[in-house]
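Each remark here refers to the structure printed beneath this line.
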Amino acid sequence: MGGNAGEEALILLRSRLCNPEFIYSHLSASPDSNYSKLKSMVSGSVTEACNNSILLLGPRGCGKAAVMELVIRDLLTEYPDMISVIRLNGLLHSEDNCALKEIARQLCLEHQLSFSKMASFDDNSQFMIAMLRECGLAHKTIIFVLDEFDIFAQGKQRLLYSLLDAMQSVTSQAAVIGISCRMDADQLLEKRVRSRFSHRKLLFSPPSKEDLEKLLESILSLPVDSTLPRDYAVKFNMELQKMLAERKFKEIIDKLLESDSTVHHFLRFLFVAVSSMELKSGLLSVKNFEAALSSLGRQPKLEYIKDCSLLELYLLVCMKRLEAKEQNVYNFNSIMEESNEIPPCLTHEVSAYGPLSTFFSVN
C-alpha cells in the first residue's frame with residue numbers, strides 16, 4: 001500500500017468532487033429528473049423552432065445552475081452549430097440599459113460583429129430583435145440564461161418585456177431560462193410581461209438521503225481498471241463498504257443532513273473528509289468524516305458578524321449591554337446613552353471622532 005497510490009486516489013477523488021458534470025450526471029439519471037425535463041424543453045426550441053421560457057426555482061446549493069450548465073453542454077455537443085448562449089446575472093446586470101448592452105456585446109462576440117459601446121437602449125433593443133430574426137431564419141436558437149431572475153423582475157422590467165416581446169415573432173427561435181432562489185419569482189412579473197411568459201417552472205429541492213448515500217458511494221469508490229494498483233483499489237472499496245455500514249458513520253451523515261441537506265454543503269463535507277485521508281495507508285476512516293463534520297459545524301452568529309465594521313460591532317455590544325439590563329426594546333438614542341456609560345478608553349478606536357454620540361452628531 002504505497003503512498004503514491006494514496007496520493008493518486010486523493011487526486012482522483014478531489015477531481016470528482018470539483019466536477020459538477022460527474023456529480024449531477026449521477027443525480028440526473030432518472031427520466032423524471034429536472035435534467036431530463038429541462039433538456040426536453042430546451043431541445044424543443046432547437047429542433048421544433050419554438051420559443052420557450054422556463055424558470056428554475058429552489059433554494060441555493062440544490063443544483064439549479066449546475067443542471068442547467070449540464071443541459072447546455074449536452075445540447076452544444078448534439079447541435080454544435082445551432083445554439084448561441086447569452087448569460088446575464090441580476091447582480092451584475094440589473095439595470096435594463098446595462099443588461100441590453102451586455103446582450104448586444106455577447107451577440108456581437110458570438111457572431112463576430114463590431115460592438116458599439118455608445119449605442120442607446122433602443123439601438124440595442126432593435127439589434128437584439130434583428131439578431132433573433134436572422135438566427136431564426138438560419139434555424140439557430142439563442143438561449144438566454146438569466147441568473148438571479150428575481151432581480152430582473154424588479155423595477156420597470158423593460159428588459160424582460162423587450163426580450164419576451166421579441167420572442168413573439170414568428171421567425172424568432174429562442175429560449176429564456178431564469179434561475180432564482182425565490183419560489184414566487186414568477187409572481188413578481190408585471191401583467192404585460194407575465195402574459196408573454198410560458199409559465200413553465202421546474203422546482204429544485206435538496207436530494208433525499210438515499211440519493212445522497214448513492215452519490216457518496218459513487219464518488220468515493222475507486223475504479224479497479226485504472227492506473228491505480230488493482231489490489232489497492234479492491235481493498236479501498238472493501239473498506240469503504242465496511243465504513244458505510246457502520247452505525248457511527250450513519251449517525252455522522254444524519255447529523256450533517258439535519259443542518260443542511262443541499263448538494264453544495266454535502267460536497268463541501270466530503271471534500272474536507274477526503275482531504276484529511278491518511279496517505280500512508282491510503283484508506284478513508286470514520287475519523288476523517290467525524291473531523292470534517294466538526295470543522296463544518298455551523299455557528300450562524302459568528303458567520304453574521306465576521307464582516308462587521310468596528311462601529312457595527314460596537315452597536316451590537318451596546319445592544320447586548322441593554323439586553324443584559326432586561327431592556328429588550330431600544331433605539332439609537334438609548335444605544336447612544338448606553339455607549340456613554342462605556343469608558344472612553346474602550347471606545348476611542350470605533351471612529352476617528354471619539355465616542356459614539358459624537359460620531360452620530362458629526363455624521
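Going by the C-alpha cells order, chains are called A, B, ..., each with residues numbered from 1, while ligands are numbered from 1 in the order shown.
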For the interface of region 183-269 of chain A with region 49-71 of chain A (cut-off 10 Å, counting only C-alpha atoms), please tabulate each contacting residue of region 183-269 of chain A alongside its nearest pair of atoms and their separation in Å to one decimal, rows sorted by chain and increasing number, as a Markdown table.
| residue | atom | partner | partner_atom | distance |
| --- | --- | --- | --- | --- |
| A:Met183 | CA | A:Leu57 | CA | 5.7 |
| A:Asp184 | CA | A:Leu57 | CA | 8.6 |
| A:Ala185 | CA | A:Leu57 | CA | 8.0 |
| A:Asp186 | CA | A:Leu55 | CA | 7.9 |
| A:Arg196 | CA | A:Ser53 | CA | 9.0 |
| A:Phe197 | CA | A:Ser53 | CA | 6.1 |
| A:Ser198 | CA | A:Ser53 | CA | 5.3 |
| A:His199 | CA | A:Ile54 | CA | 6.9 |
| A:Arg200 | CA | A:Ile54 | CA | 4.9 |
| A:Lys201 | CA | A:Leu55 | CA | 4.7 |
| A:Leu202 | CA | A:Leu56 | CA | 5.0 |
| A:Leu203 | CA | A:Leu57 | CA | 5.0 |
| A:Phe204 | CA | A:Gly58 | CA | 4.7 |
| A:Ser205 | CA | A:Gly58 | CA | 5.9 |
| A:Pro206 | CA | A:Cys62 | CA | 5.3 |
| A:Pro207 | CA | A:Cys62 | CA | 7.8 |
| A:Asp260 | CA | A:Gly61 | CA | 9.7 |
| A:Ser261 | CA | A:Cys62 | CA | 8.7 |
| A:Thr262 | CA | A:Cys62 | CA | 5.2 |
| A:Val263 | CA | A:Cys62 | CA | 5.5 |
| A:His264 | CA | A:Gly61 | CA | 4.9 |
| A:His265 | CA | A:Gly61 | CA | 7.3 |
| A:Phe266 | CA | A:Gly61 | CA | 9.6 |
For those residues, write N, CA and C atoms to a file as a PDB file, in the first residue's frame.
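This is the output file again_2.pdb:
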ATOM      1  N   MET A 183     -39.186  31.348  -4.655  1.00  0.00           N
ATOM      2  CA  MET A 183     -40.209  30.483  -5.202  1.00  0.00           C
ATOM      3  C   MET A 183     -41.347  31.263  -5.846  1.00  0.00           C
ATOM      4  N   ASP A 184     -41.474  32.538  -5.509  1.00  0.00           N
ATOM      5  CA  ASP A 184     -42.541  33.361  -6.075  1.00  0.00           C
ATOM      6  C   ASP A 184     -42.026  34.291  -7.164  1.00  0.00           C
ATOM      7  N   ALA A 185     -40.921  33.936  -7.796  1.00  0.00           N
ATOM      8  CA  ALA A 185     -40.300  34.818  -8.792  1.00  0.00           C
ATOM      9  C   ALA A 185     -41.255  35.156  -9.931  1.00  0.00           C
ATOM     10  N   ASP A 186     -42.078  34.203 -10.342  1.00  0.00           N
ATOM     11  CA  ASP A 186     -42.997  34.471 -11.459  1.00  0.00           C
ATOM     12  C   ASP A 186     -44.108  35.444 -11.056  1.00  0.00           C
ATOM     13  N   ARG A 196     -46.623  37.208 -21.642  1.00  0.00           N
ATOM     14  CA  ARG A 196     -45.723  36.721 -22.685  1.00  0.00           C
ATOM     15  C   ARG A 196     -44.831  35.592 -22.185  1.00  0.00           C
ATOM     16  N   PHE A 197     -44.994  35.234 -20.904  1.00  0.00           N
ATOM     17  CA  PHE A 197     -44.165  34.185 -20.304  1.00  0.00           C
ATOM     18  C   PHE A 197     -44.856  32.832 -20.448  1.00  0.00           C
ATOM     19  N   SER A 198     -44.072  31.784 -20.642  1.00  0.00           N
ATOM     20  CA  SER A 198     -44.642  30.448 -20.878  1.00  0.00           C
ATOM     21  C   SER A 198     -45.181  29.781 -19.620  1.00  0.00           C
ATOM     22  N   HIS A 199     -44.836  30.319 -18.452  1.00  0.00           N
ATOM     23  CA  HIS A 199     -45.305  29.773 -17.162  1.00  0.00           C
ATOM     24  C   HIS A 199     -44.854  28.329 -16.945  1.00  0.00           C
ATOM     25  N   ARG A 200     -43.660  28.021 -17.408  1.00  0.00           N
ATOM     26  CA  ARG A 200     -43.083  26.695 -17.145  1.00  0.00           C
ATOM     27  C   ARG A 200     -42.076  26.833 -16.011  1.00  0.00           C
ATOM     28  N   LYS A 201     -42.248  25.999 -15.000  1.00  0.00           N
ATOM     29  CA  LYS A 201     -41.375  26.070 -13.835  1.00  0.00           C
ATOM     30  C   LYS A 201     -40.869  24.671 -13.479  1.00  0.00           C
ATOM     31  N   LEU A 202     -39.611  24.607 -13.088  1.00  0.00           N
ATOM     32  CA  LEU A 202     -39.026  23.381 -12.547  1.00  0.00           C
ATOM     33  C   LEU A 202     -38.583  23.680 -11.123  1.00  0.00           C
ATOM     34  N   LEU A 203     -39.105  22.929 -10.184  1.00  0.00           N
ATOM     35  CA  LEU A 203     -38.790  23.150  -8.779  1.00  0.00           C
ATOM     36  C   LEU A 203     -37.673  22.223  -8.343  1.00  0.00           C
ATOM     37  N   PHE A 204     -36.632  22.792  -7.776  1.00  0.00           N
ATOM     38  CA  PHE A 204     -35.482  22.030  -7.293  1.00  0.00           C
ATOM     39  C   PHE A 204     -35.527  21.968  -5.772  1.00  0.00           C
ATOM     40  N   SER A 205     -35.231  20.815  -5.235  1.00  0.00           N
ATOM     41  CA  SER A 205     -35.166  20.645  -3.784  1.00  0.00           C
ATOM     42  C   SER A 205     -33.948  19.794  -3.459  1.00  0.00           C
ATOM     43  N   PRO A 206     -33.451  19.867  -2.236  1.00  0.00           N
ATOM     44  CA  PRO A 206     -32.302  19.033  -1.869  1.00  0.00           C
ATOM     45  C   PRO A 206     -32.607  17.551  -2.081  1.00  0.00           C
ATOM     46  N   PRO A 207     -31.629  16.760  -2.543  1.00  0.00           N
ATOM     47  CA  PRO A 207     -31.868  15.328  -2.777  1.00  0.00           C
ATOM     48  C   PRO A 207     -32.226  14.600  -1.484  1.00  0.00           C
ATOM     49  N   ASP A 260     -27.976  20.837   7.047  1.00  0.00           N
ATOM     50  CA  ASP A 260     -28.053  21.341   5.667  1.00  0.00           C
ATOM     51  C   ASP A 260     -27.950  20.141   4.727  1.00  0.00           C
ATOM     52  N   SER A 261     -29.004  19.886   3.967  1.00  0.00           N
ATOM     53  CA  SER A 261     -29.021  18.714   3.084  1.00  0.00           C
ATOM     54  C   SER A 261     -28.807  19.075   1.616  1.00  0.00           C
ATOM     55  N   THR A 262     -28.327  20.292   1.334  1.00  0.00           N
ATOM     56  CA  THR A 262     -28.092  20.668  -0.064  1.00  0.00           C
ATOM     57  C   THR A 262     -26.859  19.951  -0.603  1.00  0.00           C
ATOM     58  N   VAL A 263     -26.811  19.810  -1.918  1.00  0.00           N
ATOM     59  CA  VAL A 263     -25.687  19.125  -2.560  1.00  0.00           C
ATOM     60  C   VAL A 263     -24.389  19.878  -2.298  1.00  0.00           C
ATOM     61  N   HIS A 264     -24.453  21.207  -2.373  1.00  0.00           N
ATOM     62  CA  HIS A 264     -23.251  22.024  -2.179  1.00  0.00           C
ATOM     63  C   HIS A 264     -22.618  21.752  -0.818  1.00  0.00           C
ATOM     64  N   HIS A 265     -23.431  21.745   0.235  1.00  0.00           N
ATOM     65  CA  HIS A 265     -22.914  21.513   1.587  1.00  0.00           C
ATOM     66  C   HIS A 265     -22.395  20.082   1.723  1.00  0.00           C
ATOM     67  N   PHE A 266     -23.077  19.136   1.110  1.00  0.00           N
ATOM     68  CA  PHE A 266     -22.661  17.736   1.177  1.00  0.00           C
ATOM     69  C   PHE A 266     -21.299  17.541   0.502  1.00  0.00           C
TER      70      PHE A 266
END
For Leu316 (chain A): contacts at 12 Å, only C-alpha atoms, fewer than 5 positions along chain excluded, given as an MDAnalysis selection string:
chainID A and resid 301 304:305 308:311 321:323 330 332 335:336 338:339
Take the residues just selected and output them with C-alpha atoms as an mmCIF file, in the first residue's frame.
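Final output, saved to result.cif:
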data_model
loop_
_atom_site.group_PDB
_atom_site.id
_atom_site.type_symbol
_atom_site.label_atom_id
_atom_site.label_comp_id
_atom_site.auth_asym_id
_atom_site.auth_seq_id
_atom_site.Cartn_x
_atom_site.Cartn_y
_atom_site.Cartn_z
ATOM 1 C CA LYS A 301 -23.961 34.201 14.893
ATOM 2 C CA TYR A 304 -23.212 37.009 10.595
ATOM 3 C CA ILE A 305 -20.744 39.272 12.421
ATOM 4 C CA CYS A 308 -18.973 43.735 10.529
ATOM 5 C CA SER A 309 -17.071 47.017 10.896
ATOM 6 C CA LEU A 310 -15.828 48.272 14.274
ATOM 7 C CA LEU A 311 -18.765 50.637 14.521
ATOM 8 C CA ARG A 321 -25.495 45.505 27.392
ATOM 9 C CA LEU A 322 -29.073 46.830 27.194
ATOM 10 C CA GLU A 323 -30.459 43.293 26.930
ATOM 11 C CA TYR A 330 -34.254 50.110 22.194
ATOM 12 C CA PHE A 332 -30.456 54.848 18.573
ATOM 13 C CA ILE A 335 -27.908 52.936 22.359
ATOM 14 C CA MET A 336 -26.053 56.277 22.450
ATOM 15 C CA GLU A 338 -25.572 53.226 26.792
ATOM 16 C CA SER A 339 -22.391 54.000 24.833
#
Separation of CA of Glu251 (chain A) from CA of Ser28 (chain A), in Å and rounded to one decimal
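These atoms are spaced 26.6 Å apart.
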Got a sec to tell me which of region 19-238 of chain A DSSP assigns to strand (DSSP E or B), as a count of residues only?
31
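From CA of Ala5 (chain A) back to CA of Ile253 (chain A), the distance works out to 27.1 Å.
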Nearest to Phe152 (chain A) among A:Lys287, A:Arg87, A:Arg192, A:His93, with distances taken over only C-alpha atoms: which residue is it?
A:His93
Determine, counting only C-alpha atoms, which protein, DNA and RNA residues have an atom within 12 Å of an atom of Lys214 (chain A); residues of the same chain fewer than 3 positions away are not included. Present the result as an mmCIF file with C-alpha atoms, in the first residue's frame.
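Okay, this is what ended up in out22.cif:
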data_model
loop_
_atom_site.group_PDB
_atom_site.id
_atom_site.type_symbol
_atom_site.label_atom_id
_atom_site.label_comp_id
_atom_site.auth_asym_id
_atom_site.auth_seq_id
_atom_site.Cartn_x
_atom_site.Cartn_y
_atom_site.Cartn_z
ATOM 1 C CA ILE A 23 -21.820 14.877 -9.646
ATOM 2 C CA HIS A 26 -25.462 10.645 -11.255
ATOM 3 C CA LEU A 27 -28.290 12.716 -9.771
ATOM 4 C CA PRO A 207 -31.868 15.328 -2.777
ATOM 5 C CA SER A 208 -33.180 12.628 -0.468
ATOM 6 C CA LYS A 209 -30.920 10.858 1.989
ATOM 7 C CA GLU A 210 -30.952 7.735 -0.200
ATOM 8 C CA ASP A 211 -29.841 9.709 -3.275
ATOM 9 C CA GLU A 217 -20.682 5.737 -2.790
ATOM 10 C CA SER A 218 -20.267 6.550 -6.497
ATOM 11 C CA ILE A 219 -17.871 9.418 -5.709
ATOM 12 C CA LEU A 220 -15.683 7.553 -3.225
ATOM 13 C CA SER A 221 -15.499 4.164 -4.986
ATOM 14 C CA GLN A 241 -18.304 -0.574 2.125
ATOM 15 C CA LEU A 244 -20.664 2.900 5.042
#
A:Arg73, A:Lys39, A:Lys156, A:Arg194: which is nearest Asn97 (chain A), counting only C-alpha atoms?
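Checking each of A:Arg73, A:Lys39, A:Lys156, A:Arg194 against Asn97 (chain A), counting only C-alpha atoms, the winner is A:Lys156.
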Spatial neighbours of Asp147 (chain A), max dist 9 Å, only C-alpha atoms, sep filter under 3 positions, as a PDB file with all heavy atoms, in the first residue's frame:
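File part06.pdb, as written:
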ATOM      1  N   ALA A  65     -28.168  25.838 -11.223  1.00  0.00           N
ATOM      2  CA  ALA A  65     -27.209  26.288 -12.238  1.00  0.00           C
ATOM      3  C   ALA A  65     -26.396  25.122 -12.800  1.00  0.00           C
ATOM      4  O   ALA A  65     -26.113  25.075 -14.006  1.00  0.00           O
ATOM      5  CB  ALA A  65     -26.275  27.352 -11.654  1.00  0.00           C
ATOM      6  N   ARG A  87     -25.505  34.921 -21.450  1.00  0.00           N
ATOM      7  CA  ARG A  87     -25.608  34.783 -19.996  1.00  0.00           C
ATOM      8  C   ARG A  87     -25.658  36.154 -19.330  1.00  0.00           C
ATOM      9  O   ARG A  87     -24.806  37.018 -19.589  1.00  0.00           O
ATOM     10  CB  ARG A  87     -24.418  33.992 -19.449  1.00  0.00           C
ATOM     11  CG  ARG A  87     -24.266  32.607 -20.076  1.00  0.00           C
ATOM     12  CD  ARG A  87     -22.973  31.943 -19.624  1.00  0.00           C
ATOM     13  NE  ARG A  87     -22.706  30.733 -20.367  1.00  0.00           N
ATOM     14  CZ  ARG A  87     -23.173  29.526 -20.052  1.00  0.00           C
ATOM     15  NH1 ARG A  87     -23.937  29.402 -18.976  1.00  0.00           N
ATOM     16  NH2 ARG A  87     -22.890  28.468 -20.777  1.00  0.00           N
ATOM     17  N   LEU A  88     -26.635  36.330 -18.457  1.00  0.00           N
ATOM     18  CA  LEU A  88     -26.761  37.547 -17.664  1.00  0.00           C
ATOM     19  C   LEU A  88     -26.938  37.170 -16.198  1.00  0.00           C
ATOM     20  O   LEU A  88     -27.467  36.103 -15.883  1.00  0.00           O
ATOM     21  CB  LEU A  88     -27.962  38.381 -18.111  1.00  0.00           C
ATOM     22  CG  LEU A  88     -27.965  38.949 -19.541  1.00  0.00           C
ATOM     23  CD1 LEU A  88     -29.255  39.709 -19.788  1.00  0.00           C
ATOM     24  CD2 LEU A  88     -26.771  39.836 -19.787  1.00  0.00           C
ATOM     25  N   ASN A  89     -26.498  38.058 -15.326  1.00  0.00           N
ATOM     26  CA  ASN A  89     -26.666  37.840 -13.891  1.00  0.00           C
ATOM     27  C   ASN A  89     -27.293  39.086 -13.276  1.00  0.00           C
ATOM     28  O   ASN A  89     -26.812  40.200 -13.501  1.00  0.00           O
ATOM     29  CB  ASN A  89     -25.314  37.545 -13.236  1.00  0.00           C
ATOM     30  CG  ASN A  89     -25.450  37.089 -11.795  1.00  0.00           C
ATOM     31  OD1 ASN A  89     -26.006  37.777 -10.952  1.00  0.00           O
ATOM     32  ND2 ASN A  89     -24.937  35.902 -11.508  1.00  0.00           N
ATOM     33  N   GLY A  90     -28.358  38.904 -12.525  1.00  0.00           N
ATOM     34  CA  GLY A  90     -29.057  40.029 -11.939  1.00  0.00           C
ATOM     35  C   GLY A  90     -28.191  40.867 -11.016  1.00  0.00           C
ATOM     36  O   GLY A  90     -28.429  42.068 -10.851  1.00  0.00           O
ATOM     37  N   LEU A  91     -27.183  40.256 -10.406  1.00  0.00           N
ATOM     38  CA  LEU A  91     -26.294  41.004  -9.523  1.00  0.00           C
ATOM     39  C   LEU A  91     -25.391  41.950 -10.302  1.00  0.00           C
ATOM     40  O   LEU A  91     -24.908  42.948  -9.765  1.00  0.00           O
ATOM     41  CB  LEU A  91     -25.443  40.036  -8.689  1.00  0.00           C
ATOM     42  CG  LEU A  91     -26.208  39.116  -7.742  1.00  0.00           C
ATOM     43  CD1 LEU A  91     -25.268  38.112  -7.098  1.00  0.00           C
ATOM     44  CD2 LEU A  91     -26.943  39.919  -6.679  1.00  0.00           C
ATOM     45  N   ASP A 150     -35.070  36.990 -10.147  1.00  0.00           N
ATOM     46  CA  ASP A 150     -35.965  37.847  -9.376  1.00  0.00           C
ATOM     47  C   ASP A 150     -35.498  39.296  -9.352  1.00  0.00           C
ATOM     48  O   ASP A 150     -36.309  40.218  -9.219  1.00  0.00           O
ATOM     49  CB  ASP A 150     -36.098  37.319  -7.945  1.00  0.00           C
ATOM     50  CG  ASP A 150     -34.746  37.089  -7.294  1.00  0.00           C
ATOM     51  OD1 ASP A 150     -34.088  36.099  -7.649  1.00  0.00           O
ATOM     52  OD2 ASP A 150     -34.351  37.898  -6.437  1.00  0.00           O
ATOM     53  N   ILE A 151     -34.188  39.519  -9.504  1.00  0.00           N
ATOM     54  CA  ILE A 151     -33.675  40.893  -9.542  1.00  0.00           C
ATOM     55  C   ILE A 151     -34.093  41.575 -10.846  1.00  0.00           C
ATOM     56  O   ILE A 151     -34.417  42.765 -10.864  1.00  0.00           O
ATOM     57  CB  ILE A 151     -32.141  40.914  -9.376  1.00  0.00           C
ATOM     58  CG1 ILE A 151     -31.752  40.288  -8.032  1.00  0.00           C
ATOM     59  CG2 ILE A 151     -31.595  42.336  -9.467  1.00  0.00           C
ATOM     60  CD1 ILE A 151     -30.273  40.253  -7.768  1.00  0.00           C
ATOM     61  N   PHE A 152     -34.103  40.825 -11.946  1.00  0.00           N
ATOM     62  CA  PHE A 152     -34.571  41.380 -13.216  1.00  0.00           C
ATOM     63  C   PHE A 152     -36.060  41.715 -13.158  1.00  0.00           C
ATOM     64  O   PHE A 152     -36.544  42.558 -13.902  1.00  0.00           O
ATOM     65  CB  PHE A 152     -34.332  40.383 -14.359  1.00  0.00           C
ATOM     66  CG  PHE A 152     -32.888  40.209 -14.728  1.00  0.00           C
ATOM     67  CD1 PHE A 152     -32.205  39.061 -14.383  1.00  0.00           C
ATOM     68  CD2 PHE A 152     -32.208  41.190 -15.428  1.00  0.00           C
ATOM     69  CE1 PHE A 152     -30.876  38.892 -14.719  1.00  0.00           C
ATOM     70  CE2 PHE A 152     -30.879  41.033 -15.774  1.00  0.00           C
ATOM     71  CZ  PHE A 152     -30.203  39.882 -15.412  1.00  0.00           C
ATOM     72  N   ILE A 177     -34.092  31.027 -19.910  1.00  0.00           N
ATOM     73  CA  ILE A 177     -34.005  30.206 -18.697  1.00  0.00           C
ATOM     74  C   ILE A 177     -33.712  31.132 -17.533  1.00  0.00           C
ATOM     75  O   ILE A 177     -32.631  31.722 -17.447  1.00  0.00           O
ATOM     76  CB  ILE A 177     -32.914  29.129 -18.817  1.00  0.00           C
ATOM     77  CG1 ILE A 177     -33.157  28.238 -20.037  1.00  0.00           C
ATOM     78  CG2 ILE A 177     -32.865  28.278 -17.549  1.00  0.00           C
ATOM     79  CD1 ILE A 177     -32.050  27.221 -20.271  1.00  0.00           C
ATOM     80  N   GLY A 178     -34.681  31.287 -16.642  1.00  0.00           N
ATOM     81  CA  GLY A 178     -34.489  32.108 -15.456  1.00  0.00           C
ATOM     82  C   GLY A 178     -34.162  31.242 -14.251  1.00  0.00           C
ATOM     83  O   GLY A 178     -34.762  30.185 -14.057  1.00  0.00           O
ATOM     84  N   ILE A 179     -33.193  31.679 -13.452  1.00  0.00           N
ATOM     85  CA  ILE A 179     -32.770  30.930 -12.262  1.00  0.00           C
ATOM     86  C   ILE A 179     -32.965  31.821 -11.041  1.00  0.00           C
ATOM     87  O   ILE A 179     -32.481  32.953 -11.012  1.00  0.00           O
ATOM     88  CB  ILE A 179     -31.299  30.500 -12.368  1.00  0.00           C
ATOM     89  CG1 ILE A 179     -31.064  29.676 -13.639  1.00  0.00           C
ATOM     90  CG2 ILE A 179     -30.877  29.703 -11.146  1.00  0.00           C
ATOM     91  CD1 ILE A 179     -29.613  29.343 -13.889  1.00  0.00           C
ATOM     92  N   SER A 180     -33.675  31.315 -10.055  1.00  0.00           N
ATOM     93  CA  SER A 180     -33.930  32.127  -8.868  1.00  0.00           C
ATOM     94  C   SER A 180     -34.128  31.247  -7.639  1.00  0.00           C
ATOM     95  O   SER A 180     -34.615  30.118  -7.741  1.00  0.00           O
ATOM     96  CB  SER A 180     -35.181  33.000  -9.085  1.00  0.00           C
ATOM     97  OG  SER A 180     -35.490  33.730  -7.917  1.00  0.00           O
TER      98      SER A 180
END
Can you tell me which residues surround region 165-168 of chain A at a distance of at most 12 Å, considering only C-alpha atoms, apart from same-chain residues fewer than 5 positions away, and format the answer as JSON, numbers by chain?
{"A": [45, 49, 50, 51, 52, 53, 125, 126, 127, 128, 129, 130, 131, 132, 133, 135, 136, 141, 142, 143, 144, 157, 158, 159, 160, 173, 174, 175, 176, 192, 193, 194, 195, 196, 197, 198]}
Test item, alpha helix (DSSP H) assignment across region 47-169 of chain A, answer as a PyMOL selection string:
chain A and resi 47+64-78+96-110+121-137+149-152+158-166
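Distances here use only C-alpha atoms; by that measure, the residue among A:Ile83, A:Cys18, A:Ala119, A:Cys318 closest to Ala104 (chain A) is A:Ala119.
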Atom-to-atom span, CA of Leu222 (chain A) and CA of Glu290 (chain A), Å:
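A separation of 21.5 Å between them.
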